[in-house]
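Let me begin by presenting the structure, written as C-alpha cells, before commenting on it.
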Amino acid sequence: MLLAVLVAQPAAVGAVLLAAIALLERWGTSSLDAVAGAQSVLGPGGIVGPGAAAASAWFTALALVLASPRLAGGADDSITPPRTRRRLPPGGALVAALALGAAAAAAVAGPDFETGGPLRLGATAAAVLVAAVISSLRRPQVTAGLALFAGIVAATLGVAVATSQMGL
Amino acid sequence: MNSPVLIAALFVPLVGAVAALLVPSGRTRRAEPSCRRRRKQERTAETTSDGSDDDTVADPTPRQVLEPLGSAGADRAGLTSRTIVRVAALAAAALWIGVAVLGPSSAGPARAIGPIAPAAAGAALVLAAVGRPARRLPAAAAAAALTLASGGLALGSRDGGAGLAVTALAAAAVVLALANRRGSDGNLAPSALTLAGTAALAGGLVRIAADSGELNLPSDGSMPLDAGLLLVGGSAMVAAAASLRPRRALGLLLPIALAVGVPAAAVLGGEGEAVALVLMLLATASAVYWALIPRVPRRDVRPLVGSLALVSLAAAAVPTAGLPGSGSTIAGVQAAGLPAAWLLAAAAVITAVALVPVAALSAVPGAAALVVVLIADPGPVHQALVALAVAATVAGAVGVHRPHPPATEGEEDSHAATLLGPLLAAVPALGAGLWLVIAPDSWSWVGEVNLFGWTDTVAVGAAGGLIFAVAGVATGRVAMPGLPRLVGPDPVPVTDDRPRHARLALAAGVALGMVLIALLTSSPGAS
C-alpha cells in the first residue's frame, strides 16, 4: 500500500496494489516479517508450493519491478505539457527502485536474513538492479501497463490458490 | 477529570452560537424607513417620474442612501460572527480531541465512548473550516447545529438512546436547512437529501422499536433487514449530502452520519455483503467520476470525500469470519471490518476539512486494513469488493494525475484571501491524518486494526526517504521540494440566487416530521 503511494502513476499504483493483494492471498498476512518467517520454514516463495502459488510469486515480483517510476528526462517529456509532467528526480527514482526491488525480492526469495541471508541479499540486489534499469527506460507507459498485467495475473493466481485451498 | 472537559466540549459551541447572535447587526434601523413609509415613498417616486418629462435624476430615497452603509455594517457583523463561531468550533475540536485522548468519560447522562468524541471533533473541525455565508444568523445556527449533533451523540450512547441521537441529528439538519435558506445559499437539494436521509434513519429506528420494543441496535444479528437498510441508507444519504457541502455548515453532519451509520452497518450480519457491494460500487463510481469527467475540476475533491465515506460504510457492512494470523474467529456477527471502517471514516473527514487530494492519503491504512479483512475470507463477493477497492484507488491516482488548467489569477487571489480560516482547521486535521498514516494501531478507539509491522515499515521508509532526500539535496541532484498545498479552495460557488429546490426540502422536512412523530410514539417510554 505504501509502495503504491511511492510509485504514484495510476497503472503502477494498480500493479503494486494487485501485487500486495497477491502476496496477502498467498501468505495470509500483511507483515513482511511474517512472510519472511514463513519462507524461512517452508522455503523461498518462488520455488516452494503448488505451481500456481510459485507463479503468483514470480508475477508479483515482476509487477513490482516493472512498476518502478522513470528517472528524470527522456523522450516522452515533449509530449506532455509542463504543468502535467510527473517525473521523479533521480534520487527519488532510486529510492523507489530500492523499495520496489526489495519488496519484489521478498516475494520470491524472502527468508529471514538469519536463515537465508545470502539468498535474500542476492535476490534483493538483483531485483533492485532490474528495477533501476526499468526506471531508466524511455517507455514508462509500456512498463506500467506490463506491470498492471503482471499484477492482475499475480492476483488472479493468488485468488485461485486461496479459494481452492491449495496451501502455501 | 474527564467530565469537565466533556461538559466544556458540549457547551462551547452553544456559547459560540449565543455570542454570534449577540454581535450587533450593523444595520442602522432607526434611520431606515418602515415598510409602509418605504412603499409610500416608492409610489411617490414612481408618480413623479411618470409625470415629468425632464431628465433630472430623482433624489435617492433614504433607503438607497443608507443601504450601502447598512450592508457594510452587516457584512462586518457577519464576518465577526463567523470568526466567533470558528474560534468556538476550534476550541470544541480541541476539547473533543482531549476527551478522545483521555479515554471514556461521562458527565450526567452524556457519555463519550468509542467514536463519539472523534466524530464530534471531526464535526467541529469541519465547522471551523466553514467561512460562508458570512452572516450572523447562519453562523449562529451552524454552531447551534454542532451543539445539537454532538450533544445527541453523547446523550444517545446510553441504553435506548439511539432515538435521542437521531432526533438530535434531525434537529440539526432542520436548523441547517433553515439557515441555508436564510443565508441565500442557493441550492437546497443537499439539505433536502439530508432531511430525507434523517427521515430514513428515524424510520429504521421505528422499525427496530416495532420489532424488539427497544431503541438499541441489536448486536446479536436479529436486526430486521429493512431496518438495517433504512439506517445504512439514511446514513449514506446524509454523508453524501454533507460531502457535497464541505465548506458549508451542512458538512459538519458528515462525521455525525458516519458515527451513526458505521455501527448500524456493522450489525447487518450476513446481509451486509450485498449492501457493502452496492456501497462500494457507488464509491468506485464517485471516484471514477472525479477522475474521468472533465468538467469536474481536480481541485474539487468532493467526489473523493463522498467516495471515502461510502467505502467506510461498505467496510463496516462486510461480514467476515476471521482475521489472518490471529487464528481467532470474530465473535457473533459483528463485522471485522469495523476498525477499517472507522479509519476510512476518519480519512473522509480529514479530506473534507482540508479539501486537498493529498489528505486522502490518510485512507491508506484503512484501505489496507479493509483488504486484509476481505482476503481473510476469500469469497466471490469479497474478491469483488477488493477489485472495486483497487479500481477506486487507481481512479483516485488517475484523478490526481489528470491534467487540469492552472488556477486563474482571480481564483488564486480569492483563495489566498480566504485561506487563513480553513487553514486553522486543516492543520490539526492533517496532523491527525499524519498520525493516522504513521501509527494506525495507536487509534485505540477504532478497535484492533491488525496491520502488523505497519509503523515500523512507515518509519523505515520515511527514514530511508529522508536520508536519500537530504543526500540528494546536499549533492544538488534533487531540487528542494516545495510544500504541497495544505488547504483547498471552496468548491461550492457563491451565489445569491433565490433558494432552489425549496419545495423538495419542504417535502423532505414534512416526511421527517411525520417519521419523528412515529418514532416518539413508538419509543418504549412513550406508552
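Each chain in the C-alpha cells gets a letter, A, B and so on, in the order shown; residues start at 1 in every chain, and ligands are counted from 1 in the order they appear.
Residues in contact with Val99 (chain B) at 7 Å, where only C-alpha atoms are counted and same-chain residues fewer than 2 positions away are skipped, are listed as Asn2, Val5, Leu6, Leu95, Trp96, Ile97, Val101, Leu102, Gly103 and Ala117 of chain B.
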Those residues with C-alpha atoms, as a PDB file, in the first residue's frame please?
ATOM      1  CA  ASN B   2     -12.702  13.954  32.026  1.00  0.00           C
ATOM      2  CA  VAL B   5     -13.644  18.557  29.532  1.00  0.00           C
ATOM      3  CA  LEU B   6     -16.691  16.734  28.194  1.00  0.00           C
ATOM      4  CA  LEU B  95     -11.737  19.703  23.760  1.00  0.00           C
ATOM      5  CA  TRP B  96     -13.232  16.721  21.950  1.00  0.00           C
ATOM      6  CA  ILE B  97      -9.754  15.563  20.926  1.00  0.00           C
ATOM      7  CA  VAL B 101      -7.203  11.057  24.191  1.00  0.00           C
ATOM      8  CA  LEU B 102      -8.160  10.943  27.862  1.00  0.00           C
ATOM      9  CA  GLY B 103     -10.419   7.963  27.324  1.00  0.00           C
ATOM     10  CA  ALA B 117     -15.514  12.149  20.763  1.00  0.00           C
TER      11      ALA B 117
END
| field | Nearest residue to chain B from the set A:Leu146, A:Ala20, A:Ala126, A:Leu119 (distances using only C-alpha atoms) | value |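 Selected residue with least distance to chain B: A:Ala20.
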| field | Near-Ala317 (chain B) list (6 Å; only C-alpha atoms; drop same-chain fewer than 2 positions) as a list in words | value |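 Answer for this query is Ala265, Ala266, Gly272, Ala276, Ala314 and Ala315 of chain B.
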| task | Just the alpha helix (DSSP H) stuff from region 164-359 of chain B, please, per backbone DSSP, written as a ChimeraX atom specification. | result | /B:164-182,189-212,225-244,253-266,272-292,302-317,338-354
| query | Using only C-alpha atoms, which residues sit within 10 Å of Gly101 (chain A) once same-chain residues fewer than 3 positions away are excluded, as number ranges by chain? | reply | A: 61-62, 64-68, 95-98, 104-107, 123-132
| message | I'd like the interatomic distance between CA of Trp27 (chain A) and CA of Leu281 (chain B), to a tenth of an Å. | response | 27.8 Å
| request: Write out as a list of chain:residue names the residues lying within 10 Å of region 140-145 of chain A, counting only C-alpha atoms and excluding same-chain residues fewer than 4 positions away. | output: A:Gln9, A:Pro10, A:Ala11, A:Ala12, A:Val13, A:Gly14, A:Ala15, A:Ala63, A:Leu64, A:Val65, A:Leu66, A:Ala67, A:Ser68, A:Pro69, A:Arg70, A:Leu71, A:Gly74, A:Asp76, A:Ile134, A:Ser135, A:Ser136, A:Phe149, A:Ala150, A:Gly151
Keeping N, CA and C atoms, export the residues of the selection given above as a PDB file, in the first residue's frame.
ATOM      1  N   GLN A   9       2.071   6.664 -10.220  1.00  0.00           N
ATOM      2  CA  GLN A   9       1.439   6.602 -11.543  1.00  0.00           C
ATOM      3  C   GLN A   9       0.246   5.651 -11.494  1.00  0.00           C
ATOM      4  N   PRO A  10      -0.870   5.994 -12.149  1.00  0.00           N
ATOM      5  CA  PRO A  10      -2.090   5.194 -11.980  1.00  0.00           C
ATOM      6  C   PRO A  10      -1.925   3.701 -12.259  1.00  0.00           C
ATOM      7  N   ALA A  11      -1.350   3.367 -13.428  1.00  0.00           N
ATOM      8  CA  ALA A  11      -1.220   1.943 -13.758  1.00  0.00           C
ATOM      9  C   ALA A  11      -0.275   1.253 -12.782  1.00  0.00           C
ATOM     10  N   ALA A  12       0.786   1.965 -12.425  1.00  0.00           N
ATOM     11  CA  ALA A  12       1.743   1.381 -11.478  1.00  0.00           C
ATOM     12  C   ALA A  12       1.112   1.220 -10.101  1.00  0.00           C
ATOM     13  N   VAL A  13       0.264   2.165  -9.727  1.00  0.00           N
ATOM     14  CA  VAL A  13      -0.452   2.045  -8.446  1.00  0.00           C
ATOM     15  C   VAL A  13      -1.288   0.773  -8.441  1.00  0.00           C
ATOM     16  N   GLY A  14      -2.019   0.563  -9.536  1.00  0.00           N
ATOM     17  CA  GLY A  14      -2.827  -0.648  -9.644  1.00  0.00           C
ATOM     18  C   GLY A  14      -1.969  -1.893  -9.566  1.00  0.00           C
ATOM     19  N   ALA A  15      -0.824  -1.863 -10.252  1.00  0.00           N
ATOM     20  CA  ALA A  15       0.062  -3.031 -10.255  1.00  0.00           C
ATOM     21  C   ALA A  15       0.563  -3.338  -8.851  1.00  0.00           C
ATOM     22  N   ALA A  63       5.594  -7.635 -11.332  1.00  0.00           N
ATOM     23  CA  ALA A  63       4.755  -6.424 -11.257  1.00  0.00           C
ATOM     24  C   ALA A  63       5.449  -5.326 -10.465  1.00  0.00           C
ATOM     25  N   LEU A  64       6.094  -5.706  -9.400  1.00  0.00           N
ATOM     26  CA  LEU A  64       6.740  -4.695  -8.553  1.00  0.00           C
ATOM     27  C   LEU A  64       7.925  -4.035  -9.251  1.00  0.00           C
ATOM     28  N   VAL A  65       8.765  -4.830  -9.895  1.00  0.00           N
ATOM     29  CA  VAL A  65       9.927  -4.194 -10.537  1.00  0.00           C
ATOM     30  C   VAL A  65       9.508  -3.401 -11.775  1.00  0.00           C
ATOM     31  N   LEU A  66       8.477  -3.882 -12.484  1.00  0.00           N
ATOM     32  CA  LEU A  66       8.025  -3.134 -13.664  1.00  0.00           C
ATOM     33  C   LEU A  66       7.332  -1.826 -13.281  1.00  0.00           C
ATOM     34  N   ALA A  67       6.866  -1.748 -12.049  1.00  0.00           N
ATOM     35  CA  ALA A  67       6.167  -0.527 -11.609  1.00  0.00           C
ATOM     36  C   ALA A  67       7.131   0.588 -11.216  1.00  0.00           C
ATOM     37  N   SER A  68       8.416   0.343 -11.345  1.00  0.00           N
ATOM     38  CA  SER A  68       9.389   1.375 -10.936  1.00  0.00           C
ATOM     39  C   SER A  68       9.170   2.658 -11.731  1.00  0.00           C
ATOM     40  N   PRO A  69       9.105   3.774 -11.053  1.00  0.00           N
ATOM     41  CA  PRO A  69       8.905   5.039 -11.770  1.00  0.00           C
ATOM     42  C   PRO A  69      10.154   5.423 -12.555  1.00  0.00           C
ATOM     43  N   ARG A  70       9.954   6.211 -13.578  1.00  0.00           N
ATOM     44  CA  ARG A  70      11.034   6.540 -14.506  1.00  0.00           C
ATOM     45  C   ARG A  70      11.949   7.609 -13.921  1.00  0.00           C
ATOM     46  N   LEU A  71      13.228   7.483 -14.313  1.00  0.00           N
ATOM     47  CA  LEU A  71      14.177   8.536 -13.956  1.00  0.00           C
ATOM     48  C   LEU A  71      13.837   9.809 -14.717  1.00  0.00           C
ATOM     49  N   GLY A  74      14.046  12.077 -20.791  1.00  0.00           N
ATOM     50  CA  GLY A  74      13.504  11.082 -21.689  1.00  0.00           C
ATOM     51  C   GLY A  74      12.689  11.717 -22.781  1.00  0.00           C
ATOM     52  N   ASP A  76       9.606  11.197 -23.747  1.00  0.00           N
ATOM     53  CA  ASP A  76       8.177  11.452 -23.594  1.00  0.00           C
ATOM     54  C   ASP A  76       7.866  12.803 -22.986  1.00  0.00           C
ATOM     55  N   ILE A 134      14.791  -0.673 -15.278  1.00  0.00           N
ATOM     56  CA  ILE A 134      13.451  -0.397 -15.819  1.00  0.00           C
ATOM     57  C   ILE A 134      13.094   1.082 -15.642  1.00  0.00           C
ATOM     58  N   SER A 135      13.518   1.643 -14.524  1.00  0.00           N
ATOM     59  CA  SER A 135      13.182   3.055 -14.302  1.00  0.00           C
ATOM     60  C   SER A 135      13.935   3.974 -15.257  1.00  0.00           C
ATOM     61  N   SER A 136      14.957   3.465 -15.915  1.00  0.00           N
ATOM     62  CA  SER A 136      15.679   4.303 -16.864  1.00  0.00           C
ATOM     63  C   SER A 136      15.151   4.143 -18.285  1.00  0.00           C
ATOM     64  N   PHE A 149      -0.550  -5.678 -15.945  1.00  0.00           N
ATOM     65  CA  PHE A 149      -0.914  -7.020 -16.423  1.00  0.00           C
ATOM     66  C   PHE A 149      -0.343  -8.093 -15.493  1.00  0.00           C
ATOM     67  N   ALA A 150       0.924  -7.914 -15.143  1.00  0.00           N
ATOM     68  CA  ALA A 150       1.559  -8.887 -14.244  1.00  0.00           C
ATOM     69  C   ALA A 150       0.851  -8.909 -12.891  1.00  0.00           C
ATOM     70  N   GLY A 151       0.456  -7.732 -12.412  1.00  0.00           N
ATOM     71  CA  GLY A 151      -0.264  -7.662 -11.139  1.00  0.00           C
ATOM     72  C   GLY A 151      -1.598  -8.387 -11.206  1.00  0.00           C
TER      73      GLY A 151
END
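Proximity ranking of A:Gly51, A:Arg139, A:Ala93, A:Pro44 relative to chain B places A:Ala93 first, based on only C-alpha atoms.
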| query | Within 10 Å of Gly43 (chain A), counting only C-alpha atoms, which residues qualify if same-chain residues fewer than 4 places away don't, as a PyMOL selection string? | reply | chain A and resi 36-39+47-49+108-111+116
Export C-alpha atoms of the chosen residues as a tab-separated table (two decimals), in the first residue's frame?
chain	number	residue	atom	x	y	z
A	36	ALA	CA	9.93	-13.87	5.79
A	37	GLY	CA	9.32	-16.18	8.73
A	38	ALA	CA	7.05	-18.41	6.67
A	39	GLN	CA	9.58	-18.58	3.86
A	47	ILE	CA	10.12	-22.21	-5.57
A	48	VAL	CA	8.00	-23.80	-2.91
A	49	GLY	CA	4.35	-24.72	-3.03
A	108	VAL	CA	10.22	-14.58	-4.47
A	109	ALA	CA	13.14	-15.25	-2.18
A	110	GLY	CA	12.45	-13.66	1.14
A	111	PRO	CA	13.52	-15.88	4.04
A	116	GLY	CA	18.79	-17.31	4.23
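Proximity of B:Pro365, B:Ala518, B:Ala511, B:Leu424 to chain A, computed with only C-alpha atoms, is greatest for B:Pro365.
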Using only C-alpha atoms, determine which residues lie at most 12 Å from Ala429 (chain B), disregarding the query and same-chain residues fewer than 2 positions distant; provide the list as a PDB file with N, CA and C atoms, in the first residue's frame.
ATOM      1  N   LEU B  90     -13.084  25.586  16.846  1.00  0.00           N
ATOM      2  CA  LEU B  90     -11.721  25.099  17.080  1.00  0.00           C
ATOM      3  C   LEU B  90     -11.531  24.697  18.543  1.00  0.00           C
ATOM      4  N   ALA B  93     -13.264  21.470  19.031  1.00  0.00           N
ATOM      5  CA  ALA B  93     -12.492  20.367  18.443  1.00  0.00           C
ATOM      6  C   ALA B  93     -11.349  19.967  19.366  1.00  0.00           C
ATOM      7  N   ALA B  94     -10.665  20.982  19.911  1.00  0.00           N
ATOM      8  CA  ALA B  94      -9.553  20.677  20.822  1.00  0.00           C
ATOM      9  C   ALA B  94     -10.055  19.931  22.058  1.00  0.00           C
ATOM     10  N   ILE B  97     -10.969  16.367  21.105  1.00  0.00           N
ATOM     11  CA  ILE B  97      -9.754  15.563  20.926  1.00  0.00           C
ATOM     12  C   ILE B  97      -9.181  15.205  22.305  1.00  0.00           C
ATOM     13  N   PRO B 118     -14.218  11.412  18.780  1.00  0.00           N
ATOM     14  CA  PRO B 118     -13.603  11.706  17.479  1.00  0.00           C
ATOM     15  C   PRO B 118     -14.594  12.252  16.455  1.00  0.00           C
ATOM     16  N   ALA B 121     -15.288  15.802  17.324  1.00  0.00           N
ATOM     17  CA  ALA B 121     -14.116  16.620  16.980  1.00  0.00           C
ATOM     18  C   ALA B 121     -14.062  16.861  15.476  1.00  0.00           C
ATOM     19  N   GLY B 122     -14.369  15.827  14.701  1.00  0.00           N
ATOM     20  CA  GLY B 122     -14.390  15.986  13.243  1.00  0.00           C
ATOM     21  C   GLY B 122     -15.432  16.997  12.801  1.00  0.00           C
ATOM     22  N   ALA B 123     -16.610  16.907  13.415  1.00  0.00           N
ATOM     23  CA  ALA B 123     -17.669  17.858  13.061  1.00  0.00           C
ATOM     24  C   ALA B 123     -17.250  19.288  13.407  1.00  0.00           C
ATOM     25  N   ALA B 124     -16.602  19.452  14.546  1.00  0.00           N
ATOM     26  CA  ALA B 124     -16.152  20.791  14.939  1.00  0.00           C
ATOM     27  C   ALA B 124     -15.086  21.310  13.981  1.00  0.00           C
ATOM     28  N   LEU B 125     -14.197  20.428  13.530  1.00  0.00           N
ATOM     29  CA  LEU B 125     -13.163  20.866  12.587  1.00  0.00           C
ATOM     30  C   LEU B 125     -13.775  21.250  11.236  1.00  0.00           C
ATOM     31  N   VAL B 126     -14.756  20.469  10.802  1.00  0.00           N
ATOM     32  CA  VAL B 126     -15.429  20.823   9.544  1.00  0.00           C
ATOM     33  C   VAL B 126     -16.081  22.200   9.682  1.00  0.00           C
ATOM     34  N   ALA B 128     -15.169  24.566  11.688  1.00  0.00           N
ATOM     35  CA  ALA B 128     -14.136  25.598  11.787  1.00  0.00           C
ATOM     36  C   ALA B 128     -13.613  26.000  10.412  1.00  0.00           C
ATOM     37  N   ALA B 129     -13.716  25.106   9.440  1.00  0.00           N
ATOM     38  CA  ALA B 129     -13.257  25.439   8.089  1.00  0.00           C
ATOM     39  C   ALA B 129     -14.291  26.207   7.294  1.00  0.00           C
ATOM     40  N   ALA B 346     -12.476   8.350   9.299  1.00  0.00           N
ATOM     41  CA  ALA B 346     -11.592   9.444   9.741  1.00  0.00           C
ATOM     42  C   ALA B 346     -10.911  10.094   8.539  1.00  0.00           C
ATOM     43  N   ALA B 347     -10.497   9.272   7.579  1.00  0.00           N
ATOM     44  CA  ALA B 347      -9.849   9.825   6.381  1.00  0.00           C
ATOM     45  C   ALA B 347     -10.821  10.690   5.579  1.00  0.00           C
ATOM     46  N   ALA B 348     -12.069  10.261   5.509  1.00  0.00           N
ATOM     47  CA  ALA B 348     -13.071  11.063   4.785  1.00  0.00           C
ATOM     48  C   ALA B 348     -13.231  12.431   5.437  1.00  0.00           C
ATOM     49  N   VAL B 349     -13.290  12.447   6.758  1.00  0.00           N
ATOM     50  CA  VAL B 349     -13.478  13.725   7.460  1.00  0.00           C
ATOM     51  C   VAL B 349     -12.229  14.608   7.307  1.00  0.00           C
ATOM     52  N   ILE B 350     -11.062  14.002   7.401  1.00  0.00           N
ATOM     53  CA  ILE B 350      -9.814  14.773   7.244  1.00  0.00           C
ATOM     54  C   ILE B 350      -9.764  15.387   5.844  1.00  0.00           C
ATOM     55  N   THR B 351     -10.144  14.613   4.835  1.00  0.00           N
ATOM     56  CA  THR B 351     -10.147  15.134   3.466  1.00  0.00           C
ATOM     57  C   THR B 351     -11.198  16.228   3.311  1.00  0.00           C
ATOM     58  N   ALA B 352     -12.326  16.078   3.983  1.00  0.00           N
ATOM     59  CA  ALA B 352     -13.379  17.098   3.887  1.00  0.00           C
ATOM     60  C   ALA B 352     -12.935  18.410   4.524  1.00  0.00           C
ATOM     61  N   VAL B 353     -12.109  18.333   5.547  1.00  0.00           N
ATOM     62  CA  VAL B 353     -11.647  19.563   6.199  1.00  0.00           C
ATOM     63  C   VAL B 353     -10.591  20.251   5.333  1.00  0.00           C
ATOM     64  N   ALA B 354      -9.609  19.469   4.863  1.00  0.00           N
ATOM     65  CA  ALA B 354      -8.500  20.080   4.124  1.00  0.00           C
ATOM     66  C   ALA B 354      -8.854  20.334   2.659  1.00  0.00           C
ATOM     67  N   LEU B 355      -9.637  19.454   2.075  1.00  0.00           N
ATOM     68  CA  LEU B 355     -10.056  19.574   0.678  1.00  0.00           C
ATOM     69  C   LEU B 355      -8.882  19.599  -0.290  1.00  0.00           C
ATOM     70  N   VAL B 356      -7.867  18.816   0.001  1.00  0.00           N
ATOM     71  CA  VAL B 356      -6.764  18.628  -0.941  1.00  0.00           C
ATOM     72  C   VAL B 356      -6.590  17.123  -1.149  1.00  0.00           C
ATOM     73  N   ALA B 359      -4.671  14.833   1.286  1.00  0.00           N
ATOM     74  CA  ALA B 359      -5.291  14.423   2.546  1.00  0.00           C
ATOM     75  C   ALA B 359      -5.903  13.035   2.439  1.00  0.00           C
ATOM     76  N   ALA B 360      -6.267  12.648   1.203  1.00  0.00           N
ATOM     77  CA  ALA B 360      -6.867  11.322   1.019  1.00  0.00           C
ATOM     78  C   ALA B 360      -5.869  10.200   1.263  1.00  0.00           C
ATOM     79  N   SER B 362      -4.491   9.689   3.877  1.00  0.00           N
ATOM     80  CA  SER B 362      -4.771   9.174   5.222  1.00  0.00           C
ATOM     81  C   SER B 362      -5.699   7.955   5.174  1.00  0.00           C
ATOM     82  N   PRO B 422      -9.813  28.336   6.878  1.00  0.00           N
ATOM     83  CA  PRO B 422      -9.740  26.895   6.641  1.00  0.00           C
ATOM     84  C   PRO B 422      -8.398  26.295   7.027  1.00  0.00           C
ATOM     85  N   LEU B 423      -7.331  27.093   6.903  1.00  0.00           N
ATOM     86  CA  LEU B 423      -6.009  26.564   7.257  1.00  0.00           C
ATOM     87  C   LEU B 423      -5.932  26.230   8.746  1.00  0.00           C
ATOM     88  N   LEU B 424      -6.579  27.051   9.562  1.00  0.00           N
ATOM     89  CA  LEU B 424      -6.567  26.798  11.012  1.00  0.00           C
ATOM     90  C   LEU B 424      -7.230  25.461  11.332  1.00  0.00           C
ATOM     91  N   ALA B 425      -8.219  25.101  10.534  1.00  0.00           N
ATOM     92  CA  ALA B 425      -8.872  23.800  10.747  1.00  0.00           C
ATOM     93  C   ALA B 425      -8.106  22.681  10.061  1.00  0.00           C
ATOM     94  N   ALA B 426      -7.494  23.005   8.910  1.00  0.00           N
ATOM     95  CA  ALA B 426      -6.831  21.952   8.128  1.00  0.00           C
ATOM     96  C   ALA B 426      -5.552  21.466   8.800  1.00  0.00           C
ATOM     97  N   VAL B 427      -4.847  22.351   9.496  1.00  0.00           N
ATOM     98  CA  VAL B 427      -3.571  21.942  10.102  1.00  0.00           C
ATOM     99  C   VAL B 427      -3.774  20.841  11.152  1.00  0.00           C
ATOM    100  N   GLY B 431      -2.635  16.999  10.672  1.00  0.00           N
ATOM    101  CA  GLY B 431      -1.807  16.398  11.716  1.00  0.00           C
ATOM    102  C   GLY B 431      -2.391  15.069  12.161  1.00  0.00           C
ATOM    103  N   ALA B 432      -3.704  15.048  12.332  1.00  0.00           N
ATOM    104  CA  ALA B 432      -4.353  13.777  12.694  1.00  0.00           C
ATOM    105  C   ALA B 432      -4.190  12.760  11.571  1.00  0.00           C
ATOM    106  N   GLY B 433      -4.256  13.232  10.320  1.00  0.00           N
ATOM    107  CA  GLY B 433      -4.073  12.329   9.185  1.00  0.00           C
ATOM    108  C   GLY B 433      -2.680  11.732   9.163  1.00  0.00           C
ATOM    109  N   LEU B 434      -1.677  12.568   9.468  1.00  0.00           N
ATOM    110  CA  LEU B 434      -0.299  12.073   9.516  1.00  0.00           C
ATOM    111  C   LEU B 434      -0.137  11.033  10.622  1.00  0.00           C
ATOM    112  N   TRP B 435      -0.720  11.340  11.734  1.00  0.00           N
ATOM    113  CA  TRP B 435      -0.698  10.393  12.864  1.00  0.00           C
ATOM    114  C   TRP B 435      -1.363   9.075  12.445  1.00  0.00           C
ATOM    115  N   LEU B 436      -2.457   9.197  11.718  1.00  0.00           N
ATOM    116  CA  LEU B 436      -3.183   8.013  11.267  1.00  0.00           C
ATOM    117  C   LEU B 436      -2.318   7.175  10.333  1.00  0.00           C
ATOM    118  N   LEU B 486      -1.846  22.888   1.562  1.00  0.00           N
ATOM    119  CA  LEU B 486      -2.428  22.242   2.742  1.00  0.00           C
ATOM    120  C   LEU B 486      -3.944  22.376   2.796  1.00  0.00           C
ATOM    121  N   VAL B 487      -4.466  23.315   2.073  1.00  0.00           N
ATOM    122  CA  VAL B 487      -5.910  23.531   2.144  1.00  0.00           C
ATOM    123  C   VAL B 487      -6.410  23.915   0.755  1.00  0.00           C
TER     124      VAL B 487
END
| task | Just give me the gap between CA of Ala316 (chain B) and CA of Val386 (chain B) in Å, one decimal is fine. | result |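 Pair CA of Ala316 (chain B) / CA of Val386 (chain B) returns 14.2 Å.
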| Interatomic distance (Å, one decimal) between CA of Val16 (chain A) and CA of Thr29 (chain A) |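 Between CA of Val16 (chain A) and CA of Thr29 (chain A) the gap is 16.1 Å.
Candidate residues B:Leu279, B:Leu195, B:Ile375, B:Ala202 were compared for distance to chain A, and the nearest is B:Ile375, using only C-alpha atoms.
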